[in-house]
Number of protein chains: 2
Amino acid sequence: MTNQPTKRASIHDVARSAGVSAATVSKVLRGVTTVKTANAEKVQAAVEAMGYKMDPLAAGLRQTTRKIIGLIVPDLESEFFGKIAARLEILAEDAGYSLSIVSSHESEAREERLVERMHVWRVAGTILAPVRSERGAGTQLMKSLSMTGALIDRVVSDEIYDTVAVDNAGASAKVARLLAEKGHRHVTLIGLNEVSRNVRTRASAFKQEAQTICPDMRVDVLMIDEREDNFRTHLSNYLDTSHPSVVFSLFQKGTLIALSEFRRRGLRCPQDISLVGFDDTEWMQVTYPAVSAVVQPISKLADHAFHRLLAKIESQKDGKTSASICHLEPCTLQLRESLVEVSPVVPANQPQVVRGA
Amino acid sequence: MTNQPTKRASIHDVARSAGVSAATVSKVLRGVTTVKTANAEKVQAAVEAMGYKMDPLAAGLRQTTRKIIGLIVPDLESEFFGKIAARLEILAEDAGYSLSIVSSHESEAREERLVERMHVWRVAGTILAPVRSERGAGTQLMKSLSMTGALIDRVVSDEIYDTVAVDNAGASAKVARLLAEKGHRHVTLIGLNEVSRNVRTRASAFKQEAQTICPDMRVDVLMIDEREDNFRTHLSNYLDTSHPSVVFSLFQKGTLIALSEFRRRGLRCPQDISLVGFDDTEWMQVTYPAVSAVVQPISKLADHAFHRLLAKIESQKDGKTSASICHLEPCTLQLRESLVEVSPVVPANQPQVVRGA
DNA sequence: CCTCAAGAATAAATCGGTTTACATTTGAAA
DNA sequence: TTTCAAATGTAAACCGATTTATTCTTGAGG
């Protein structure tokens with residue numbers, strides 16, 4: 001099998017072979033109806049015979065935008081954004097676009113560069129999951145280039161772009177109510193101080209709701225800035241002196257660390273201490289005990305973001321312009337073995353806030 | 001801020017503004033040296049002033065291929081392929097390409113369609129992580145379209161394309177030797193019968209090495225075809241009657257399931273039973289006990305695949321053609337608390353093979 | 001049989017670049 | 001000062017499509 005680079009057939013080759021003009025072929029290919037049936041069939045036959053496949057990029061050359069949608073995520077290694085990307089890929093293709101997936105690798109500088117790339121690629125629209133928030137460098141650049149787009153996750157609301165995110169606050173409040181109901185009066189929140197605001201939102205929403213519905217609930221907050229080594233140490237130190245009836249982890253890995261730390265200390269879960277995590281994942285149902293968790297509606301997030309973006313693209317075409325929407329998708333709570341009811345005992349000591357080094 | 005679609009500057013606009021021809025601008029932009037410094041500077045200035053950014057897709061129009069590399073992975077949700085994609089993205093960009101990431105969603109039919117898409121996009125090369133193996137539909141199509149590419153993971157060797165994969169067999173053999181050394185004489189392998197051959201390779205390599213270096217070692221194999229529910233049940237049933245000194249899980253989730261099942265049965269790990277897993281991940285170092293695991297050199301995998309592909313692309317340009325290479329990247333073994341030494345006790349009963357429903 | 005508008009087909013312009021083929025400068029040797 | 005090859009510059013063709021402006025057919029109504 002010699003690797004002869006057989007010249008690819010172009011639309012002109014097809015036209016010649018079918019005995020019509022290139023314009024006619026183009027029309028047939030795009031399903032324009034003003035073509036005589038006889039000619040359309042000749043073209044179809046020629047396309048078939050030559051195995052012609054049009055070049056989608058050349059096709060878009062004359063348009064202002066191409067049939068491409070850009071997706072910029074902070075990372076590709078996590079299940080969360082992996083699922084977002086996978087879902088959007090299908091949605092985009094069903095709508096006749098192809099999705100261009102890139103990762104900003106948690107760097108705002110790179111995020112900015114990627115926004116620019118989407119611009120020079122003349123994508124029809126861009127879905128941006130910003131590193132930091134809707135006020136980050138990427139969003140700013142999108143605005144100044146007046147690109148059409150939508151913002152997803154780690155985002156609250158924006159004047160220009162629709163935002164789609166999980167209802168972090170609502171979910172945390174729901175957990176607060178549930179824990180109160182189940183008799184818990186001493187809760188410890190564990191979280192990581194990341195650039196993203198999500199974890200902080202979850203913490204403060206929990207505290208506020210707890211304050212409102214159950215003022216005698218003690219809520220300790222353990223927020224760490226550092227890597228997991230320190231995190232584990234901090235949690236351990238904390239548990240030396242405090243004995244909450246339940247831990248609510250505000251990020252996925254924290255849940256596992258907590259579970260692990262419980263075991264190391266010989267704390268039986270849920271008999272001695274309950275556990276709830278924010279962000280569900282497959283392994284939480286195979287651990288022992290299975291872990292109760294807030295499940296983020298990842299697919300719905302993608303669906304909504306895509307839907308909004310498509311609407312923007314369409315209306316852009318017609319020159320219309322509409323106010324931007326801020327969509328919060330509610331989370332559900334997956335109850336599993338790690339959370340149990342206890343008899344309400346108001347802890348003696350005062351709430352405390354522990355901070356990392 | 002009115003959304004006026006300011007006409008984008010083209011290379012001709014720059015040329016006019018700089019008082020030279022478009023061809024000259026093109027040369028300056030591509031770093032061709034046969035341009036007088038004075039003119040080059042005028043062009044640079046004009047580019048700067050107008051904020052000109054060339055259209056990389058239009059730029060590739062006249063070439064046979066564009067500065068794009070395609071990556072087709074079976075899924076984007078897993079950490080493994082997420083990391084592969086993230087790494088390749090950087091490598092590609094450093095080499096002046098942009099990476100087009102798509103997922104076949106574990107479907108061979110889709111894999112085929114995606115290969116075709118890469119072809120019509122006229123990518124310079126395609127890295128394919130096939131759903132099944134190097135003999136799948138995607139690879140076949142790549143060959144018949146004489147595309148240039150490389151194969152990665154779930155792949156052994158191929159006449160046309162370079163293959164890059166983890167040394168599953170070598171790693172398993174290494175684990176076998178280690179377990180023998182540590183005195184284990186009754187090992188249970190747990191795995192899933194997927195379309196991918198990887199897990200089966202790991203199992204058979206282990207058995208073979210064990211047979212060779214330690215004939216009195218009993219190796220049970222638990223291969224399940226079904227979903228994890230059944231998996232858990234099967235493992236549980238098995239442990240009712242068998243008492244291996246160590247479990248070697250051949251896939252990541254199996255490791256967690258095993259750990260979990262140990263706990264449910266009150267088996268202390270590692271005192272009562274040891275555990276080793278194939279495929280390391282972050283959480284394995286925060287569990288209690290921390291889990292020993294075979295770590296797959298994911299980045300190196302990506303590095304090698306990319307390096308091979310780039311070489312192929314270069315040699316293709318010069319019309320050269322070379323034999324394809326089959327690269328096996330060795331794994332390392334991360335020892336953690338879950339694996340301990342035991343006094344060698346040869347089990348009385350015979351090896352058994354259990355199969356799922 | 002003629003007219004004229006709707007229906008179809010196409011040549012040519014266009015998109016934004018690269019490359020080619022040729023023209024013009026430049027500069028060192030004669 | 002001439003001469004000629006090397007260095008630069010540019011008009012035009014090209015890549016593979018779409019879109020526009022125009023021409024050529026049809027066919028119904030007069």
# chains A, B, ... in the order shown; residues from 1 in each chain; ligands from 1
>>> interface_residues(of="chain B", to="chain D", cutoff="10 Å", atoms="only C-alpha atoms (C1' of nucleotides)", output="JSON list (two decimals) with N, CA and C atoms, in the first residue's frame")
[["chain", "number", "residue", "atom", "x", "y", "z"],
["B", 20, "VAL", "N", 2.66, 48.10, 1.78],
["B", 20, "VAL", "CA", 3.35, 47.01, 1.08],
["B", 20, "VAL", "C", 2.28, 46.06, 0.53],
["B", 21, "SER", "N", 2.74, 44.96, -0.05],
["B", 21, "SER", "CA", 1.77, 44.01, -0.59],
["B", 21, "SER", "C", 1.39, 42.96, 0.45],
["B", 22, "ALA", "N", 0.27, 42.29, 0.19],
["B", 22, "ALA", "CA", -0.19, 41.25, 1.11],
["B", 22, "ALA", "C", 0.85, 40.14, 1.24],
["B", 23, "ALA", "N", 1.50, 39.84, 0.13],
["B", 23, "ALA", "CA", 2.51, 38.78, 0.16],
["B", 23, "ALA", "C", 3.61, 39.12, 1.15],
["B", 24, "THR", "N", 4.02, 40.36, 1.16],
["B", 24, "THR", "CA", 5.06, 40.79, 2.09],
["B", 24, "THR", "C", 4.59, 40.64, 3.54],
["B", 34, "THR", "N", 13.50, 36.98, 4.12],
["B", 34, "THR", "CA", 13.83, 37.76, 2.93],
["B", 34, "THR", "C", 12.98, 39.03, 2.83],
["B", 35, "VAL", "N", 12.94, 39.74, 3.93],
["B", 35, "VAL", "CA", 12.17, 40.99, 3.94],
["B", 35, "VAL", "C", 13.07, 42.07, 4.55],
["B", 36, "LYS", "N", 13.10, 43.21, 3.90],
["B", 36, "LYS", "CA", 13.93, 44.29, 4.43],
["B", 36, "LYS", "C", 13.44, 44.70, 5.80],
["B", 58, "ALA", "N", -8.05, 29.98, 7.62],
["B", 58, "ALA", "CA", -7.88, 30.44, 6.25],
["B", 58, "ALA", "C", -6.43, 30.24, 5.83],
["B", 59, "ALA", "N", -5.54, 30.42, 6.79],
["B", 59, "ALA", "CA", -4.11, 30.30, 6.48],
["B", 59, "ALA", "C", -3.77, 28.91, 5.98],
["B", 60, "GLY", "N", -4.46, 27.92, 6.53],
["B", 60, "GLY", "CA", -4.14, 26.55, 6.15],
["B", 60, "GLY", "C", -4.81, 26.12, 4.87],
["B", 61, "LEU", "N", -5.65, 26.97, 4.33],
["B", 61, "LEU", "CA", -6.47, 26.59, 3.18],
["B", 61, "LEU", "C", -5.65, 26.09, 2.00],
["B", 62, "ARG", "N", -4.56, 26.72, 1.77],
["B", 62, "ARG", "CA", -3.78, 26.36, 0.58],
["B", 62, "ARG", "C", -2.88, 25.15, 0.83],
["B", 63, "GLN", "N", -2.56, 24.91, 2.10],
["B", 63, "GLN", "CA", -1.76, 23.73, 2.42],
["B", 63, "GLN", "C", -2.61, 22.47, 2.31],
["B", 64, "THR", "N", -1.94, 21.34, 2.22],
["B", 64, "THR", "CA", -2.71, 20.10, 2.20],
["B", 64, "THR", "C", -3.23, 19.77, 3.59]]
>>> closest_atom_pairs(of="chain B", to="chain A", cutoff="6 Å", atoms="only C-alpha atoms", output="CSV")
residue,atom,partner,partner_atom,distance
B:Asp55,CA,A:Val120,CA,5.6
B:Leu76,CA,A:Gly82,CA,5.0
B:Glu77,CA,A:Gly82,CA,4.3
B:Glu79,CA,A:Glu77,CA,5.0
B:Gly82,CA,A:Glu77,CA,4.3
B:Lys83,CA,A:Glu77,CA,5.3
B:Val120,CA,A:Asp55,CA,5.6
B:Ile257,CA,A:Val286,CA,5.6
B:Ser260,CA,A:Thr287,CA,4.8
B:Val286,CA,A:Ile257,CA,5.7
B:Thr287,CA,A:Ser260,CA,4.7
B:Tyr288,CA,A:Ser260,CA,5.0
>>> write_last_selection(atoms="N, CA and C atoms", output="compact mmCIF listing (two decimals), in the first residue's frame")
# COMPACT_ATOMS: atom_id res chain seq x y z
N ASP B 55 -6.27 34.72 10.55
CA ASP B 55 -7.20 33.59 10.67
C ASP B 55 -6.44 32.30 10.37
N LEU B 76 -14.18 11.23 28.05
CA LEU B 76 -13.54 12.43 28.62
C LEU B 76 -13.78 12.51 30.11
N GLU B 77 -14.63 11.64 30.63
CA GLU B 77 -14.99 11.72 32.03
C GLU B 77 -13.92 11.14 32.94
N GLU B 79 -10.27 10.28 34.56
CA GLU B 79 -9.04 11.01 34.85
C GLU B 79 -7.96 10.65 33.84
N GLY B 82 -8.55 12.30 30.54
CA GLY B 82 -8.51 13.72 30.81
C GLY B 82 -7.08 14.20 30.88
N LYS B 83 -6.26 13.44 31.59
CA LYS B 83 -4.86 13.82 31.72
C LYS B 83 -4.12 13.71 30.40
N VAL B 120 -11.64 15.14 7.06
CA VAL B 120 -12.18 16.28 6.32
C VAL B 120 -11.68 17.60 6.89
N ILE B 257 -13.85 -0.81 45.59
CA ILE B 257 -14.87 -1.78 45.97
C ILE B 257 -14.29 -2.80 46.93
N SER B 260 -13.73 -1.35 50.34
CA SER B 260 -15.02 -1.17 50.96
C SER B 260 -15.57 -2.49 51.49
N VAL B 286 -5.08 9.15 50.48
CA VAL B 286 -5.75 9.73 51.65
C VAL B 286 -6.69 8.74 52.34
N THR B 287 -6.85 7.56 51.73
CA THR B 287 -7.67 6.56 52.43
C THR B 287 -6.87 6.00 53.61
N TYR B 288 -7.58 5.27 54.42
CA TYR B 288 -6.90 4.62 55.53
C TYR B 288 -7.27 3.16 55.48
>>> select_by_dssp(residues="range 60-274 of chain B", states="strand (DSSP E)", output="JSON, numbers by chain")
{"B": [66, 67, 68, 69, 70, 71, 72, 73, 98, 99, 100, 101, 102, 103, 123, 124, 125, 126, 127, 128, 149, 150, 151, 152, 162, 163, 164, 165, 166, 186, 187, 188, 189, 190, 191, 192, 218, 219, 220, 221, 222, 223, 224, 246, 247, 248, 249, 274]}
>>> write_last_selection(atoms="N, CA and C atoms", output="compact mmCIF listing (two decimals), in the first residue's frame")
# COMPACT_ATOMS: atom_id res chain seq x y z
N ARG B 66 -3.70 21.25 7.83
CA ARG B 66 -3.69 22.45 8.67
C ARG B 66 -2.88 22.20 9.94
N LYS B 67 -2.60 23.24 10.64
CA LYS B 67 -1.81 23.10 11.86
C LYS B 67 -2.68 22.62 13.02
N ILE B 68 -3.29 21.49 12.81
CA ILE B 68 -4.18 20.93 13.82
C ILE B 68 -3.83 19.46 14.02
N ILE B 69 -3.88 19.03 15.26
CA ILE B 69 -3.71 17.61 15.54
C ILE B 69 -4.99 17.13 16.20
N GLY B 70 -5.48 16.01 15.73
CA GLY B 70 -6.72 15.47 16.28
C GLY B 70 -6.44 14.48 17.40
N LEU B 71 -7.29 14.50 18.41
CA LEU B 71 -7.18 13.50 19.47
C LEU B 71 -8.55 12.88 19.67
N ILE B 72 -8.61 11.57 19.53
CA ILE B 72 -9.86 10.85 19.73
C ILE B 72 -9.71 9.93 20.92
N VAL B 73 -10.47 10.17 21.96
CA VAL B 73 -10.40 9.32 23.16
C VAL B 73 -11.75 8.64 23.38
N SER B 98 -2.75 23.26 17.09
CA SER B 98 -3.77 23.24 18.13
C SER B 98 -4.41 21.87 18.13
N LEU B 99 -4.81 21.45 19.31
CA LEU B 99 -5.31 20.09 19.49
C LEU B 99 -6.83 20.11 19.43
N SER B 100 -7.37 19.24 18.62
CA SER B 100 -8.82 19.12 18.53
C SER B 100 -9.24 17.85 19.24
N ILE B 101 -9.85 18.02 20.41
CA ILE B 101 -10.18 16.89 21.28
C ILE B 101 -11.61 16.44 21.06
N VAL B 102 -11.81 15.17 20.78
CA VAL B 102 -13.16 14.64 20.67
C VAL B 102 -13.25 13.30 21.38
N SER B 103 -14.45 12.95 21.78
CA SER B 103 -14.65 11.69 22.50
C SER B 103 -15.55 10.77 21.69
N VAL B 123 -6.51 17.50 9.27
CA VAL B 123 -5.55 17.63 10.36
C VAL B 123 -4.20 17.11 9.91
N ALA B 124 -3.15 17.59 10.54
CA ALA B 124 -1.80 17.14 10.18
C ALA B 124 -1.58 15.72 10.67
N GLY B 125 -2.23 15.36 11.76
CA GLY B 125 -2.08 14.01 12.30
C GLY B 125 -3.15 13.74 13.34
N THR B 126 -3.37 12.47 13.61
CA THR B 126 -4.42 12.09 14.56
C THR B 126 -3.88 11.10 15.58
N ILE B 127 -4.10 11.40 16.85
CA ILE B 127 -3.77 10.43 17.88
C ILE B 127 -5.06 9.75 18.29
N LEU B 128 -5.10 8.46 18.08
CA LEU B 128 -6.32 7.72 18.34
C LEU B 128 -6.14 6.78 19.54
N GLY B 149 -0.92 9.16 11.67
CA GLY B 149 -1.40 9.13 13.04
C GLY B 149 -0.60 8.24 13.95
N ALA B 150 -1.06 8.15 15.19
CA ALA B 150 -0.43 7.28 16.17
C ALA B 150 -1.53 6.71 17.06
N LEU B 151 -1.27 5.54 17.59
CA LEU B 151 -2.26 4.86 18.43
C LEU B 151 -1.79 4.86 19.87
N ILE B 152 -2.72 5.03 20.80
CA ILE B 152 -2.33 5.12 22.19
C ILE B 152 -3.29 4.37 23.09
N ASP B 162 2.50 3.81 14.75
CA ASP B 162 3.20 3.62 16.00
C ASP B 162 2.19 3.41 17.10
N THR B 163 2.51 2.55 18.03
CA THR B 163 1.60 2.34 19.16
C THR B 163 2.32 2.68 20.45
N VAL B 164 1.62 3.31 21.34
CA VAL B 164 2.18 3.68 22.64
C VAL B 164 1.22 3.24 23.71
N ALA B 165 1.68 2.40 24.60
CA ALA B 165 0.80 1.93 25.67
C ALA B 165 1.60 1.66 26.92
N VAL B 166 0.85 1.48 27.97
CA VAL B 166 1.45 1.14 29.25
C VAL B 166 1.83 -0.33 29.22
N HIS B 186 -1.43 -16.85 48.35
CA HIS B 186 -2.82 -16.96 47.91
C HIS B 186 -3.30 -15.57 47.49
N VAL B 187 -3.35 -15.37 46.18
CA VAL B 187 -3.69 -14.06 45.64
C VAL B 187 -5.01 -14.14 44.88
N THR B 188 -5.81 -13.09 45.01
CA THR B 188 -7.03 -13.03 44.20
C THR B 188 -6.98 -11.81 43.29
N LEU B 189 -7.16 -12.10 42.01
CA LEU B 189 -7.19 -11.02 41.02
C LEU B 189 -8.65 -10.68 40.75
N ILE B 190 -8.98 -9.39 40.79
CA ILE B 190 -10.36 -9.03 40.43
C ILE B 190 -10.34 -8.06 39.24
N GLY B 191 -11.24 -8.32 38.32
CA GLY B 191 -11.25 -7.50 37.11
C GLY B 191 -12.61 -7.49 36.45
N LEU B 192 -12.70 -6.64 35.43
CA LEU B 192 -13.95 -6.48 34.70
C LEU B 192 -13.70 -6.91 33.25
N ARG B 218 -1.13 -19.78 44.90
CA ARG B 218 -2.49 -19.98 44.38
C ARG B 218 -3.02 -18.65 43.87
N VAL B 219 -3.48 -18.63 42.63
CA VAL B 219 -4.01 -17.40 42.05
C VAL B 219 -5.46 -17.60 41.63
N ASP B 220 -6.36 -16.97 42.33
CA ASP B 220 -7.78 -17.01 41.94
C ASP B 220 -8.08 -15.80 41.06
N VAL B 221 -8.94 -16.00 40.11
CA VAL B 221 -9.29 -14.88 39.23
C VAL B 221 -10.79 -14.66 39.24
N LEU B 222 -11.17 -13.41 39.53
CA LEU B 222 -12.58 -13.05 39.60
C LEU B 222 -12.85 -12.03 38.49
N MET B 223 -13.35 -12.55 37.37
CA MET B 223 -13.62 -11.63 36.25
C MET B 223 -15.12 -11.50 36.06
N ILE B 224 -15.62 -10.29 36.12
CA ILE B 224 -17.06 -10.09 36.03
C ILE B 224 -17.41 -9.33 34.76
N VAL B 246 -4.02 -11.61 49.92
CA VAL B 246 -3.93 -10.32 49.23
C VAL B 246 -4.87 -10.31 48.02
N VAL B 247 -5.43 -9.13 47.77
CA VAL B 247 -6.25 -8.95 46.58
C VAL B 247 -5.53 -7.97 45.66
N PHE B 248 -5.44 -8.34 44.39
CA PHE B 248 -4.85 -7.45 43.39
C PHE B 248 -5.97 -7.04 42.43
N SER B 249 -6.39 -5.79 42.55
CA SER B 249 -7.47 -5.31 41.68
C SER B 249 -6.89 -4.82 40.37
N SER B 274 -4.14 -7.99 52.47
CA SER B 274 -3.47 -6.88 51.79
C SER B 274 -4.22 -6.51 50.51
>>> interface_residues(of="chain C", to="chain A", cutoff="8 Å", atoms="only C-alpha atoms (C1' of nucleotides)", output="tab-separated table (two decimals) with N, CA and C atoms (P, O5', C5', C4', C3', O3' and C1' of nucleotides), in the first residue's frame")
chain	number	residue	atom	x	y	z
C	7	DG	P	-41.45	30.58	-8.65
C	7	DG	O5'	-40.44	29.84	-9.62
C	7	DG	C5'	-40.97	29.07	-10.70
C	7	DG	C4'	-39.85	28.29	-11.37
C	7	DG	C3'	-38.83	27.67	-10.41
C	7	DG	O3'	-38.45	26.41	-10.94
C	7	DG	C1'	-37.71	29.10	-11.88
C	8	DA	P	-37.62	25.33	-10.04
C	8	DA	O5'	-36.43	25.04	-11.06
C	8	DA	C5'	-35.79	26.13	-11.64
C	8	DA	C4'	-34.70	25.65	-12.55
C	8	DA	C3'	-33.52	25.00	-11.80
C	8	DA	O3'	-32.88	24.09	-12.68
C	8	DA	C1'	-32.91	27.17	-12.61
C	9	DA	P	-31.40	23.51	-12.30
C	9	DA	O5'	-30.45	24.56	-12.98
C	9	DA	C5'	-30.19	24.48	-14.38
C	9	DA	C4'	-29.08	25.44	-14.72
C	9	DA	C3'	-27.74	25.11	-14.05
C	9	DA	O3'	-26.75	24.95	-15.06
C	9	DA	C1'	-28.31	27.40	-13.74
C	10	DT	P	-25.27	24.54	-14.62
C	10	DT	O5'	-24.54	25.94	-14.70
C	10	DT	C5'	-24.78	26.78	-15.83
C	10	DT	C4'	-24.09	28.12	-15.63
C	10	DT	C3'	-22.69	28.01	-15.01
C	10	DT	O3'	-21.85	28.92	-15.68
C	10	DT	C1'	-23.97	29.55	-13.80
C	14	DT	P	-15.47	41.34	-5.38
C	14	DT	O5'	-15.50	40.27	-4.21
C	14	DT	C5'	-16.76	39.86	-3.67
C	14	DT	C4'	-16.54	38.79	-2.61
C	14	DT	C3'	-15.30	38.99	-1.75
C	14	DT	O3'	-15.72	39.26	-0.43
C	14	DT	C1'	-15.55	36.72	-2.44
C	15	DC	P	-14.66	39.99	0.59
C	15	DC	O5'	-14.37	38.86	1.67
C	15	DC	C5'	-15.42	38.09	2.25
C	15	DC	C4'	-14.85	36.84	2.86
C	15	DC	C3'	-13.43	37.04	3.38
C	15	DC	O3'	-13.45	37.16	4.79
C	15	DC	C1'	-13.64	35.01	2.10
C	16	DG	P	-12.43	38.26	5.41
C	16	DG	O5'	-11.05	37.48	5.48
C	16	DG	C5'	-10.94	36.36	6.34
C	16	DG	C4'	-9.62	35.69	6.09
C	16	DG	C3'	-8.41	36.64	6.14
C	16	DG	O3'	-7.34	35.98	6.79
C	16	DG	C1'	-8.42	35.46	4.13
